[in-house]
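A short worksheet on the structure shown next.
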Amino acid sequence: MIKAVMMLNTQGKPRLAKFYDYMPVEKQQELIRGVFSVLCSRPENVSNFLEIDSLFGPDSRLVYKHYATLYFVLVFDGSENELAMLDLIQVLVETLDKCFSNVCELDIVFNYSKMHAVLDEIVFGGQVLETSSAEVMKAVEEISKLEAASNSISLVPKSVSGWRGR
Amino acid sequence: MSSSSTSIMDNLFQRSLEDLIKGFRLQLLGESNFISRALEEIRREIKSTDLSTKSTALHKLSYLAALHGVDMSWAAFHAVEVVSSSRFQHKRIGYQAITQSFNDQTSVMLLITNQVRKDLNSANEYEVSLALECLSRIGTHDLARDLTPEVFTLLGSSKSFVKKKAIGVVLRVFEKYHDAVKVCFKRLVENLESSDPQILSAVVGVFCELATKDPQSCLPLAPEFYKVLVESRNNWVLIKVLKIFAKLASIEPRLGKKVAEPICEHMSRTVAKSLVFECVRTVVSSLSDNEAAVKLAVAKIREFLVEDDPNLKYLGLNALSIVAPKHLWAVLENKEVVVKAMSDEDPNVKLEALHLLMAMVNEDNVLEITRILMNYALKSDPLFCNEIIFSVLSACSRNAYEIIVDFDWYVSLLGEMARIPHCQRGEEIEHQFIDIGMRVRDARPQLVRVSWAFLIDPALLGNLFLHPILSAAAWVSGEYVEFSKNPYETVEALLQPRTGLLPPSIRAVYIHSAFKVLVFCLGSYFSSQDTTSSSLAQESSSGSSSMNAFTHGSILNLVNVIERDLGPLSETHDVEVQERAKNVLGFIGMIKQDIAEKLNLQDNETESFGVAAFMEDVFSEEIGPVSAAAQEKVCVPDGLELEENLGVLDEICGEFLKPVESDLVSYTDMISFSVSKLRIRDQQEASSSSSPPHEASSLLAEHRKRHGMYYLTSQKDDPDSNGTHSDYPLANELANEISQDPFNPKRKPNQSKPRPVVVKLDDGDESRITPQAKTNIQTGNDDESLSRAIQSALLVKNKGKEKDRYEENPNSRQQEKEESSRIENHQNSEKKKKKKKKNGERSSKHKSRRRNEVASASEQVIIPDFLL
């Protein structure tokens, strides 16, 4: 099972954080800080795995990947394969790349809702359900359409910037 | 303004999430100010009757909660309102807020059941998906129970988008509501034969989780998993199936043989490293008896190790450390790589390499390996340095210093370790110092030498991390003062002014050690004067080359020095230090007069002689290790109920009780206890042993004979070391050891030196109860009912399947063959179920026994023959 997905920038600001077991927000913030403090101390070109038992309890593992200004982090337990999780990060990034054509940190910052749509298609309740970015894209586009449709019948338009950007 | 127009105004000018994010990036208020302003706004907007306004507010709140740690539990009811909107966008925001913030304690949880049911039945697959996601994250017992029919229906959905999520949600539903197994299990299992890779991947994932929780209940499905293992070419699916078999093979060894072949095939065939690694891990962890498979796996590990990719190197080392306990040759084969990895820049790789090096340590190479490690420790960063030190300490002390032959070397190593600049393992070194002193008689001279080097260096007193070691050094030089070259200097070192830097508890040890040295010197002095005296001379001649060196002048000097240094301490604030100092001063008060006047010390009647002899006797008692389990061995007196009624206390003051419990188990604490309570011990001894020493030792022997079970049994590694001494009537082996001739030549070259006797506790040495074992027993129950549910579901499923197959295709030979095995399987599981039921009635005390029984029962039958 996947326990948490995080995207942190290199300053330690969380851009996306999802915990698949319920946790109070304070605890979430503490874990995010804990993860970042380990991540930022690691040199480049070393392995992408971390011992993380002290933060997430026994038998938990963490893989991360560093892209430009962002860390993509997956925390999971013994029923996942470490290298497969690395691949999953790759799938996630590829999908985001397709969504935003050349994804950068700002896309992730401003498309909070869409980010979740992408992630929820890949990871469902902690289980990996989809690893094909084409399938994910298909679903995410459908969801965006549905949202736009439900929005257009709105009698009172949203504020100007609204949902156009999506 | 009327309320409706407020709402319209709100809506018109409401900031969207995007506006909020933009604002956040431009704000000059400071983050927390900005957040509280935004929260104020949200609190106002969320009360709006307009669902658009409300949902936007909720969306902003979810964002702030997820990324800025803002509490959103107060908005639970608003989330329920938003989720009931007919618009997809609102619904999505609502569900997102609910999955993010609801938990079992959320009171409005009850209100969402109907909405979730409605959405599960929706014709829009994306709405269904939202509801499923919600259920899979926050599903409670009630929700799972109420929505099981819907989940069942969705499991049969023709849309794979919905079906895979329905399969995913089953895990949560089963976990929360065991009876759902009866309903959904059959459909779940059917999907194992699905041709859709997404569906197969989802269902195998679910079974992987179920097998992790309870392998026993998934065992009857082994044929299905086997089929997937052989037929599938999807790496995700294969990895999960391998995980399942790793679990199953651990309870059904015969399965290992069967799956080894396809696993090896995958291992040699695939280019996907993740799959290779999973195969390797499965082989080394669960099929480690299969020679051929292990050989192939080790070859693959080797490939990983020589890769440039640090991930593969790390995982390769990781796999090696799994294989190490059973196949050490695999590690030895890769020794160079492992040693090289110690200087890798990746801390993970270094750590794994360290663990592997420690796994390789044995009697013959411990010198070499620790030499390498000490060099690394000196070069490494503090964190890794301490990791190395800790590994060396724990590997060397394992099983009562099993691998150490040359204790002089090891004691010097401890000294070296303590002086490594980053060393923060003082407490462990302290423990071993004292422990070796107590256990290994032959190591004491070297211990005293090493301690001496610590004590005379005033610079060390300023190093906080060294304090525990200094405490041990002081204790050792006091307790084994007879090996000291120059007791006078020892006292000076123990009382040097810089000892003021020590914490009082350690200072007290220093003072007490000085006391022991003083008593020893007086004893030696008196006995050297008293040439005719027999018993005392014999006793105190034990092992000191310096005993004749004391002149009247030097003793007087010693007494004066101690008096001078301790004088000020008799008024110190710390009671422990004060009391120790006063003890010594009091003792000096008794003897000083006599010594100063240089009375005829050959006269045994002088007060000072009597006092000194008495004190010497007090300190002559040897202190040995105490079993950590000694307390448990005390019989509970009749009529004393230890357990009864105290269980209630756990609830009332559980937090306070816990640390006490862990103290009892901790061996280190026990040692420090014995050190700090020396005084009490001394007093006890004083009251019982005022008779001449050898009488005391036979009394002691008598005492040990009677209370032997609280003490240790000695281990005779070296048959020559005992049996030669029979001067005393020996009550038991330990007394034998005590009377060993300390003049035994010890200065032989290392190689030919026999391993000294290491006193070993018969049991208590490693008896720290692992907390995990405890919790396993406690948590067992919940999984068990789930497993029982699966067992019975399997029965139903198999019956159903038989029927289906007869109807479908009664003539196919292939099917018939499978069928017969099915039936057999079914009969078997019925047998097993009976067994299980019977066992279920027994109390949990017999859990382990029962497990064995179940395991043996399952061994007989469960797997159909074609698999074995």
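If you're wondering about the labels, chains in the structure tokens are A, B, ... by order shown, residues count from 1 in each chain, ligands from 1 in order shown.
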Legend entry - Near-region 365-379 of chain B list (7 Å; only C-alpha atoms; drop same-chain fewer than 5 positions) as a VMD selection string: chain B and resid 385 388 392 420
Dump of N, CA, C and O atoms for the selected residues, as a PDB file, in the first residue's frame:
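As written to disk, again09.pdb reads:
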ATOM      1  N   CYS B 385      29.541   7.575  11.675  1.00  0.00           N
ATOM      2  CA  CYS B 385      30.581   7.163  12.615  1.00  0.00           C
ATOM      3  C   CYS B 385      29.941   6.454  13.807  1.00  0.00           C
ATOM      4  O   CYS B 385      30.376   5.380  14.222  1.00  0.00           O
ATOM      5  N   ILE B 388      28.630   3.105  12.906  1.00  0.00           N
ATOM      6  CA  ILE B 388      29.705   2.100  12.870  1.00  0.00           C
ATOM      7  C   ILE B 388      30.032   1.639  14.287  1.00  0.00           C
ATOM      8  O   ILE B 388      30.094   0.442  14.571  1.00  0.00           O
ATOM      9  N   VAL B 392      29.725  -2.169  15.709  1.00  0.00           N
ATOM     10  CA  VAL B 392      30.848  -2.938  16.256  1.00  0.00           C
ATOM     11  C   VAL B 392      30.540  -3.369  17.681  1.00  0.00           C
ATOM     12  O   VAL B 392      30.723  -4.530  18.045  1.00  0.00           O
ATOM     13  N   ILE B 420      37.344   8.324  19.677  1.00  0.00           N
ATOM     14  CA  ILE B 420      36.986   8.841  18.347  1.00  0.00           C
ATOM     15  C   ILE B 420      36.181  10.117  18.548  1.00  0.00           C
ATOM     16  O   ILE B 420      35.238  10.139  19.343  1.00  0.00           O
TER      17      ILE B 420
END
Legend entry - chain A contacts to chain B at 6 Å (only C-alpha atoms) as a PyMOL selection string: chain A and resi 14+25-26+29+46-47+83-84+125+129+147+150
Inset, instruction - Would you return as number ranges by chain the members of region 4-162 of chain A that DSSP assigns to alpha helix (DSSP H) on this structure's backbone? - result: A: 25-39, 53-56, 82-100, 105-110, 112-122, 133-152
Inset, instruction - Within 9 Å of Phe56 (chain A), counting only C-alpha atoms, which residues show up once you throw out same-chain ones fewer than 5 positions away? Write them as number ranges by chain, please. - result: A: 3, 31, 61, 75
Put those residues in a file: C-alpha atoms, as a PDB file, in the first residue's frame.
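The result, stored in selection-v3.pdb:
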ATOM      1  CA  LYS A   3       0.906   5.578   2.530  1.00  0.00           C
ATOM      2  CA  LEU A  31       5.779  14.485   8.500  1.00  0.00           C
ATOM      3  CA  ARG A  61       9.917   2.899   2.771  1.00  0.00           C
ATOM      4  CA  VAL A  75       5.890   6.551   1.013  1.00  0.00           C
TER       5      VAL A  75
END
